Amino acid sequence: MQNIKWGIVGLGNIANKFAEDLALVSDAILWAVASSNAERAQEFARKHKAIRHYDSYSSLFEDPAVQVVYIATLHPDHVPIAIEAIRHGKGVLCEKPLGINTKEVQELINLAQNHSLFLMEALWTRFNPAFEQTLQFIQEGALGLLRYINASFSFNGLDRSIDSRLFNPQKAGGALLDIGIYPLFLAYQILGIPKDIKASAILTPQGVDVQLGFILTYETAQAVLYASFSHDEDMRATICGEKGQIYLSSRWHETDQIHRVQSGKSTIINCPVKGRGYYYEILEVHKCLILGQTESKKWNWKNSLDLSSLMDQIRKQCGIVYPSDPDQ
Ligand SMILES: NC(=O)c1ccc[n+]([C@@H]2O[C@H](COP(=O)([O-])OP(=O)(O)OC[C@H]3O[C@@H](n4cnc5c(N)ncnc54)[C@H](OP(=O)(O)O)[C@@H]3O)[C@@H](O)[C@H]2O)c1
């Protein structure tokens with residue numbers, strides 16, 4: 001089997017977790033890592049057995065051995081860094097959200113298309129075994145006509161400083177882009193583009209959403225969705241159709257368990273997760289690279305654009321604005 005040589009840039013919280021799962025993928029080689037901080041790069045390379053480490057992202061992009069780069073920096077840096085990686089001929093797996101707004105996401109996708117290079121937003125829930133099983137049940141018609149989705153993503157982050165990536169508008173802080181993207185993804189993946197959106201948020205004095213609720217309305221269904229940094233919650237997700245229901249156990253976006261109810265009969269379906277769950281998005285990247293595909297069939301460029309456009313609409317209703325927005 002062909003080995004794939006990875007680079008990772010931005011060596012913080014999520015990069016560490018991702019590297020642990022990368023080590024579980026037999027044909028993945030962690031070739032190089034890069035940080036703005038040389039000591040962090042050296043320590044990360046030691047911990048995760050990376051072959052090379054760099055104190056600048058550009059040096060990693062100039063390493064000809066790196067085939068695909070995982071970008072794990074803060075939201076506003078995703079697009080500029082992905083652009084640099086693509087200009088150096090690298091495939092890209094970029095953390096969510098792919099960009100701050102649709103304009104940015106479109107620009108990045110155009111570049112990947114022009115260079116015929118792989119690009120995917122790291123929406124790892126899409127590849128989670130329980131989620132794949134849920135989609136299969138729905139596609140087989142097990143729930144009948146879908147009527148209702150309810151999902152949230154919430155944790156208590158109130159102890160983080162106003163300069164943190166959660167709350168600083170310069171870092172595109174706010175619950176929607178960071179975690180509201182998950183319930184939005186769930187509704188979008190199952191029901192598609194809604195015909196109407198109603199969103200309302202509680203903003204911090206700095207103008208980012210500390211909590212927000214949004215309702216997506218379709219011809220025959222509604223999705224009632226929520227995200228916040230202001231309290232903990234066990235985070236189950238509910239999907240109801242006229243013939244049955246699926247409950248994704250806590251925390252639904254990374255769950256290993258489905259609770260299915262049909263004709264009054266309740267069944268628990270266990271779907272074991274390897275590693276932390278990032279393993280499955282890595283397998284998808286490998287599959288695409290080996291097949292020479294520039295985008296995933298399961299989470300493609302249009303999907304990322306649609307999600308970004310929905311977030312733009314929600315932000316507009318709530319008055320959430322970032323420096324990179326087109327009208328700023
Ligand atoms: N998929 C998931 O489950 C998941 C979970 C958490 C986060 N995420 C996503 O991953 C991204 C990073 O989140 P994280 O929690 O890993 O963040 P983090 O630990 O705070 O920071 C990640 C990296 O961003 C760079 N960075 C941090 N602060 C910076 C600043 N003030 N200026 C410039 N660069 C800075 C640093 O890279 P250097 O090492 O180069 O200095 C840092 O190591 C976010 O976009 C988030 O949406 C995804």
# chains A, B, ... in the order shown; residues from 1 in each chain; ligands from 1

$ residues_around --residues "His259 in chain A" --least-positions-apart "2" --cutoff "8 Å" --atoms "only C-alpha atoms" --output "number ranges by chain"
A: 246-249, 257, 261, 266-269

$ residues_around --residues "Ile81 in chain A" --least-positions-apart "3" --cutoff "10 Å" --atoms "only C-alpha atoms" --output "PyMOL selection string"
chain A and resi 9+57-58+61+71-73+76-78+84-87+92+94

$ write_last_selection --atoms "all heavy atoms" --output "short mmCIF file (atom, residue, chain, number, x, y, z; two decimals), in the first residue's frame"
data_model
loop_
_atom_site.label_atom_id
_atom_site.label_comp_id
_atom_site.auth_asym_id
_atom_site.auth_seq_id
_atom_site.Cartn_x
_atom_site.Cartn_y
_atom_site.Cartn_z
N VAL A 9 0.33 21.91 10.46
CA VAL A 9 0.71 23.27 10.85
C VAL A 9 -0.26 23.81 11.89
O VAL A 9 -1.47 23.57 11.80
CB VAL A 9 0.81 24.24 9.65
CG1 VAL A 9 1.82 23.74 8.63
CG2 VAL A 9 -0.52 24.49 8.99
N TYR A 57 5.62 27.89 8.89
CA TYR A 57 4.74 27.08 8.03
C TYR A 57 5.33 27.03 6.61
O TYR A 57 5.27 25.99 5.94
CB TYR A 57 3.33 27.67 7.98
CG TYR A 57 2.62 27.81 9.31
CD1 TYR A 57 1.46 28.58 9.42
CD2 TYR A 57 3.08 27.18 10.46
CE1 TYR A 57 0.79 28.71 10.63
CE2 TYR A 57 2.42 27.31 11.68
CZ TYR A 57 1.28 28.09 11.76
OH TYR A 57 0.62 28.22 12.95
N SER A 58 5.93 28.16 6.16
CA SER A 58 6.48 28.22 4.80
C SER A 58 7.54 27.15 4.59
O SER A 58 7.61 26.53 3.53
CB SER A 58 7.09 29.59 4.53
OG SER A 58 6.11 30.57 4.69
N PHE A 61 5.88 23.97 3.90
CA PHE A 61 5.29 23.94 2.55
C PHE A 61 6.38 23.74 1.48
O PHE A 61 6.10 23.23 0.40
CB PHE A 61 4.50 25.22 2.26
CG PHE A 61 3.33 25.43 3.19
CD1 PHE A 61 2.93 26.70 3.55
CD2 PHE A 61 2.62 24.34 3.69
CE1 PHE A 61 1.84 26.90 4.41
CE2 PHE A 61 1.53 24.53 4.55
CZ PHE A 61 1.15 25.80 4.91
N ILE A 71 -4.31 21.63 8.48
CA ILE A 71 -4.22 23.00 9.00
C ILE A 71 -5.06 23.11 10.26
O ILE A 71 -6.29 22.93 10.22
CB ILE A 71 -4.67 24.02 7.93
CG1 ILE A 71 -3.71 23.95 6.74
CG2 ILE A 71 -4.74 25.43 8.51
CD1 ILE A 71 -4.16 24.72 5.52
N ALA A 72 -4.40 23.38 11.39
CA ALA A 72 -5.08 23.38 12.69
C ALA A 72 -4.86 24.70 13.41
O ALA A 72 -4.70 24.74 14.63
CB ALA A 72 -4.56 22.20 13.53
N THR A 73 -4.85 25.77 12.64
CA THR A 73 -4.66 27.12 13.21
C THR A 73 -6.02 27.72 13.58
O THR A 73 -7.05 27.08 13.39
CB THR A 73 -3.97 28.02 12.18
OG1 THR A 73 -4.77 27.99 10.99
CG2 THR A 73 -2.57 27.53 11.86
N PRO A 76 -9.44 32.51 11.45
CA PRO A 76 -9.13 33.50 10.40
C PRO A 76 -7.91 33.13 9.57
O PRO A 76 -7.71 33.67 8.48
CB PRO A 76 -8.86 34.80 11.18
CG PRO A 76 -9.44 34.58 12.52
CD PRO A 76 -9.36 33.12 12.79
N ASP A 77 -7.07 32.22 10.10
CA ASP A 77 -5.85 31.84 9.36
C ASP A 77 -6.07 30.65 8.44
O ASP A 77 -5.17 30.30 7.67
CB ASP A 77 -4.73 31.51 10.37
CG ASP A 77 -4.40 32.70 11.24
OD1 ASP A 77 -4.55 33.84 10.76
OD2 ASP A 77 -4.03 32.51 12.41
N HIS A 78 -7.24 30.01 8.51
CA HIS A 78 -7.45 28.80 7.68
C HIS A 78 -7.23 29.08 6.20
O HIS A 78 -6.43 28.41 5.55
CB HIS A 78 -8.86 28.24 7.89
CG HIS A 78 -9.07 27.63 9.25
ND1 HIS A 78 -10.29 27.20 9.70
CD2 HIS A 78 -8.21 27.37 10.27
CE1 HIS A 78 -10.17 26.71 10.92
NE2 HIS A 78 -8.92 26.82 11.29
N GLU A 84 -1.61 29.27 0.80
CA GLU A 84 -0.15 29.12 0.68
C GLU A 84 0.21 27.64 0.44
O GLU A 84 1.07 27.33 -0.39
CB GLU A 84 0.55 29.65 1.94
CG GLU A 84 2.03 29.88 1.69
CD GLU A 84 2.82 30.30 2.93
OE1 GLU A 84 2.21 30.71 3.94
OE2 GLU A 84 4.06 30.19 2.87
N ALA A 85 -0.46 26.75 1.16
CA ALA A 85 -0.18 25.31 0.99
C ALA A 85 -0.48 24.87 -0.44
O ALA A 85 0.33 24.18 -1.07
CB ALA A 85 -1.01 24.51 1.99
N ILE A 86 -1.62 25.30 -0.95
CA ILE A 86 -2.02 24.89 -2.32
C ILE A 86 -1.05 25.48 -3.34
O ILE A 86 -0.64 24.80 -4.29
CB ILE A 86 -3.49 25.30 -2.59
CG1 ILE A 86 -4.41 24.39 -1.77
CG2 ILE A 86 -3.83 25.21 -4.08
CD1 ILE A 86 -5.86 24.81 -1.74
N ARG A 87 -0.64 26.73 -3.13
CA ARG A 87 0.32 27.34 -4.07
C ARG A 87 1.66 26.59 -4.07
O ARG A 87 2.41 26.67 -5.03
CB ARG A 87 0.55 28.82 -3.72
CG ARG A 87 -0.68 29.65 -4.05
CD ARG A 87 -0.33 31.12 -4.30
NE ARG A 87 -1.48 31.80 -4.85
CZ ARG A 87 -2.11 32.84 -4.30
NH1 ARG A 87 -1.66 33.35 -3.17
NH2 ARG A 87 -3.16 33.38 -4.89
N VAL A 92 -4.77 19.62 0.94
CA VAL A 92 -5.11 20.28 2.21
C VAL A 92 -6.33 19.63 2.88
O VAL A 92 -7.37 19.44 2.26
CB VAL A 92 -5.40 21.78 1.98
CG1 VAL A 92 -6.06 22.41 3.20
CG2 VAL A 92 -4.13 22.55 1.62
N CYS A 94 -8.34 20.99 6.03
CA CYS A 94 -8.35 22.22 6.85
C CYS A 94 -9.43 22.14 7.91
O CYS A 94 -10.57 21.75 7.63
CB CYS A 94 -8.60 23.43 5.94
SG CYS A 94 -8.57 24.97 6.85
#

$ select_by_dssp --residues "range 205-254 of chain A" --states "strand (DSSP E)" --output "MDAnalysis selection string"
chainID A and resid 209:217 222:228 237:241 244:248

$ closest_residue --among "A:Gly277, A:Pro183, A:Gly89, A:Pro194" --to "Gln113 in chain A" --atoms "only C-alpha atoms"
A:Gly89

$ residues_around --residues "Leu289 in chain A" --least-positions-apart "3" --cutoff "9 Å" --atoms "only C-alpha atoms" --output "list in words"
Ile4, Val68, Gly91, Phe118, Glu284, Val285, His286, Gly292, Gln293 and Thr294 of chain A

$ residues_around --residues "Arg46 in chain A" --least-positions-apart "4" --cutoff "12 Å" --atoms "only C-alpha atoms" --output "list in words"
Asn16, Ala19, Leu30, Ala32, Val33, Glu39, Arg40, Ala41, Gln42, Ala50, Ile51, Arg52 and His53 of chain A

$ atom_distance --atom1 "CA of Gly192 in chain A" --atom2 "CA of Glu104 in chain A"
21.8 Å

$ select_by_dssp --residues "range 247-294 of chain A" --states "helix (DSSP H, G or I)" --output "number ranges by chain"
A: 252-254, 279-291

$ atom_distance --atom1 "CA of Ala112 in chain A" --atom2 "CA of Leu310 in chain A"
22.0 Å

$ closest_atom_pairs --of "chain A" --to "ligand 1" --cutoff "6 Å" --atoms "only C-alpha atoms and all ligand atoms" --output "tab-separated table"
residue	atom	partner	partner_atom_place_in_ligand_line	distance
A:Gly10	CA	ligand 1	37 (O)	3.4
A:Leu11	CA	ligand 1	39 (O)	3.7
A:Gly12	CA	ligand 1	43 (O)	3.3
A:Asn13	CA	ligand 1	16 (O)	3.7
A:Ile14	CA	ligand 1	16 (O)	3.8
A:Ala15	CA	ligand 1	16 (O)	5.9
A:Ser35	CA	ligand 1	40 (O)	3.3
A:Ser36	CA	ligand 1	40 (O)	3.8
A:Asn37	CA	ligand 1	41 (O)	5.4
A:Ala72	CA	ligand 1	11 (C)	4.7
A:Thr73	CA	ligand 1	24 (O)	3.6
A:Leu74	CA	ligand 1	45 (O)	4.4
A:His75	CA	ligand 1	45 (O)	4.2
A:Glu95	CA	ligand 1	9 (C)	5.2
A:Lys96	CA	ligand 1	47 (O)	5.0
A:Asp178	CA	ligand 1	47 (O)	5.0

$ write_last_selection --atoms "all heavy atoms" --output "compact mmCIF listing (two decimals), in the first residue's frame"
# COMPACT_ATOMS: atom_id res chain seq x y z
N GLY A 10 0.29 24.53 12.89
CA GLY A 10 -0.52 25.07 14.00
C GLY A 10 -0.65 24.00 15.06
O GLY A 10 -1.60 23.22 15.05
N LEU A 11 0.34 23.96 15.98
CA LEU A 11 0.46 22.77 16.85
C LEU A 11 -0.17 22.98 18.21
O LEU A 11 0.49 22.88 19.25
CB LEU A 11 1.95 22.40 16.95
CG LEU A 11 2.62 22.19 15.58
CD1 LEU A 11 4.09 21.84 15.76
CD2 LEU A 11 1.90 21.14 14.74
N GLY A 12 -1.47 23.24 18.23
CA GLY A 12 -2.19 23.46 19.48
C GLY A 12 -2.99 22.26 19.91
O GLY A 12 -2.64 21.10 19.63
N ASN A 13 -4.11 22.55 20.54
CA ASN A 13 -4.99 21.55 21.13
C ASN A 13 -5.43 20.47 20.14
O ASN A 13 -5.16 19.27 20.32
CB ASN A 13 -6.19 22.34 21.72
CG ASN A 13 -7.40 21.49 21.99
OD1 ASN A 13 -7.28 20.42 22.57
ND2 ASN A 13 -8.55 21.96 21.57
N ILE A 14 -6.04 20.88 19.04
CA ILE A 14 -6.62 19.88 18.13
C ILE A 14 -5.54 19.16 17.33
O ILE A 14 -5.69 17.96 17.01
CB ILE A 14 -7.69 20.52 17.21
CG1 ILE A 14 -8.45 19.45 16.43
CG2 ILE A 14 -7.11 21.53 16.27
CD1 ILE A 14 -9.22 18.50 17.29
N ALA A 15 -4.43 19.83 17.05
CA ALA A 15 -3.34 19.18 16.30
C ALA A 15 -2.81 17.98 17.08
O ALA A 15 -2.50 16.93 16.50
CB ALA A 15 -2.23 20.18 16.03
N SER A 35 5.33 25.03 13.54
CA SER A 35 4.70 25.94 14.49
C SER A 35 5.38 27.29 14.38
O SER A 35 6.54 27.37 13.94
CB SER A 35 4.87 25.38 15.91
OG SER A 35 4.49 26.34 16.87
N SER A 36 4.68 28.34 14.82
CA SER A 36 5.32 29.65 14.88
C SER A 36 6.37 29.66 16.00
O SER A 36 7.18 30.57 16.08
CB SER A 36 4.26 30.72 15.15
OG SER A 36 3.63 30.45 16.39
N ASN A 37 6.33 28.63 16.85
CA ASN A 37 7.22 28.55 17.99
C ASN A 37 8.12 27.31 17.82
O ASN A 37 7.62 26.18 17.79
CB ASN A 37 6.36 28.46 19.26
CG ASN A 37 7.16 28.31 20.52
OD1 ASN A 37 7.98 27.40 20.63
ND2 ASN A 37 6.93 29.19 21.47
N ALA A 72 -4.40 23.38 11.39
CA ALA A 72 -5.08 23.38 12.69
C ALA A 72 -4.86 24.70 13.41
O ALA A 72 -4.70 24.74 14.63
CB ALA A 72 -4.56 22.20 13.53
N THR A 73 -4.85 25.77 12.64
CA THR A 73 -4.66 27.12 13.21
C THR A 73 -6.02 27.72 13.58
O THR A 73 -7.05 27.08 13.39
CB THR A 73 -3.97 28.02 12.18
OG1 THR A 73 -4.77 27.99 10.99
CG2 THR A 73 -2.57 27.53 11.86
N LEU A 74 -6.01 28.97 14.03
CA LEU A 74 -7.26 29.64 14.38
C LEU A 74 -8.08 29.93 13.12
O LEU A 74 -7.52 30.05 12.02
CB LEU A 74 -6.97 30.95 15.12
CG LEU A 74 -6.07 30.82 16.36
CD1 LEU A 74 -6.10 32.13 17.16
CD2 LEU A 74 -6.46 29.65 17.26
N HIS A 75 -9.41 30.10 13.27
CA HIS A 75 -10.30 30.26 12.10
C HIS A 75 -9.81 31.28 11.05
O HIS A 75 -9.81 30.96 9.87
CB HIS A 75 -11.71 30.70 12.49
CG HIS A 75 -12.41 29.92 13.56
ND1 HIS A 75 -12.08 28.64 13.95
CD2 HIS A 75 -13.50 30.26 14.30
CE1 HIS A 75 -12.92 28.26 14.90
NE2 HIS A 75 -13.77 29.20 15.13
N GLU A 95 -9.07 22.55 9.12
CA GLU A 95 -10.06 22.54 10.22
C GLU A 95 -11.30 23.36 9.87
O GLU A 95 -11.27 24.23 9.02
CB GLU A 95 -9.41 23.06 11.52
CG GLU A 95 -9.00 21.97 12.48
CD GLU A 95 -10.08 20.92 12.74
OE1 GLU A 95 -11.29 21.22 12.67
OE2 GLU A 95 -9.71 19.76 12.99
N LYS A 96 -12.39 23.03 10.56
CA LYS A 96 -13.63 23.77 10.39
C LYS A 96 -13.59 25.03 11.23
O LYS A 96 -12.92 25.00 12.27
CB LYS A 96 -14.87 22.93 10.73
CG LYS A 96 -14.76 21.90 11.85
CD LYS A 96 -14.42 22.30 13.24
CE LYS A 96 -15.21 23.30 13.99
NZ LYS A 96 -14.73 23.54 15.36
N ASP A 178 -17.56 28.10 15.70
CA ASP A 178 -16.75 27.10 16.37
C ASP A 178 -17.50 25.79 16.60
O ASP A 178 -16.96 24.71 16.33
CB ASP A 178 -16.25 27.66 17.71
CG ASP A 178 -15.07 26.86 18.22
OD1 ASP A 178 -14.17 26.56 17.42
OD2 ASP A 178 -15.05 26.50 19.42

$ closest_residue --among "A:Asn3, A:Gln206, A:Asn300, A:Gln245" --to "Lys171 in chain A" --atoms "only C-alpha atoms"
A:Gln206

$ closest_residue --among "A:Met235, A:Lys103, A:Ser59, A:Tyr70" --to "Pro326 in chain A" --atoms "only C-alpha atoms"
A:Lys103

$ atom_distance --atom1 "CA of Ile149 in chain A" --atom2 "CA of Thr238 in chain A"
5.5 Å

$ closest_residue --among "A:Ala34, A:Asn101, A:Arg236, A:Val79" --to "Asp327 in chain A" --atoms "only C-alpha atoms"
A:Asn101

$ closest_residue --among "A:Asp312, A:Glu219, A:Asp55, A:Glu233" --to "Tyr148 in chain A" --atoms "only C-alpha atoms"
A:Glu219

$ closest_residue --among "A:Ile193, A:Asp306, A:Ile314, A:Gln328" --to "Gln106 in chain A" --atoms "only C-alpha atoms"
A:Asp306

$ residues_around --residues "range 129-137 of chain A" --least-positions-apart "2" --cutoff "8 Å" --atoms "only C-alpha atoms" --output "list in words"
Thr125, Arg126, Phe127, Gln139, Glu140, Gly141, Ala142, Leu143, Ile190, Ile246, Leu248, Thr255, Asp256, Gln257, Ile258, Asn270, Cys271, Pro272 and Val273 of chain A

$ residues_around --residues "Lys316 in chain A" --least-positions-apart "3" --cutoff "12 Å" --atoms "only C-alpha atoms" --output "list in words"
Asn101, Leu176, Ile197, Lys198, Ala199, Ser200, Ala201, Asp209, Ser309, Leu310, Met311, Asp312, Gln313, Gly319, Ile320, Val321, Tyr322, Asp325 and Asp327 of chain A

$ residues_around --residues "Leu146 in chain A" --least-positions-apart "5" --cutoff "7 Å" --atoms "only C-alpha atoms" --output "mmCIF file with all heavy atoms, in the first residue's frame"
data_model
loop_
_atom_site.group_PDB
_atom_site.id
_atom_site.type_symbol
_atom_site.label_atom_id
_atom_site.label_comp_id
_atom_site.auth_asym_id
_atom_site.auth_seq_id
_atom_site.Cartn_x
_atom_site.Cartn_y
_atom_site.Cartn_z
ATOM 1 N N ALA A 221 -40.464 19.811 7.190
ATOM 2 C CA ALA A 221 -39.663 19.502 8.392
ATOM 3 C C ALA A 221 -39.084 20.773 8.993
ATOM 4 O O ALA A 221 -39.003 21.802 8.321
ATOM 5 C CB ALA A 221 -38.517 18.555 8.013
ATOM 6 N N CYS A 240 -36.461 12.847 13.913
ATOM 7 C CA CYS A 240 -37.781 12.184 13.924
ATOM 8 C C CYS A 240 -38.416 12.197 12.537
ATOM 9 O O CYS A 240 -38.436 13.225 11.860
ATOM 10 C CB CYS A 240 -38.753 12.915 14.855
ATOM 11 S SG CYS A 240 -38.225 12.900 16.563
ATOM 12 N N GLY A 241 -38.947 11.036 12.184
ATOM 13 C CA GLY A 241 -39.751 10.936 10.980
ATOM 14 C C GLY A 241 -41.138 10.425 11.349
ATOM 15 O O GLY A 241 -41.408 10.130 12.516
ATOM 16 N N GLU A 242 -41.998 10.310 10.343
ATOM 17 C CA GLU A 242 -43.369 9.868 10.632
ATOM 18 C C GLU A 242 -43.431 8.412 11.063
ATOM 19 O O GLU A 242 -44.386 7.990 11.693
ATOM 20 C CB GLU A 242 -44.255 10.115 9.399
ATOM 21 C CG GLU A 242 -44.455 11.603 9.131
ATOM 22 C CD GLU A 242 -45.318 11.879 7.914
ATOM 23 O OE1 GLU A 242 -45.683 10.924 7.197
ATOM 24 O OE2 GLU A 242 -45.611 13.067 7.661
#
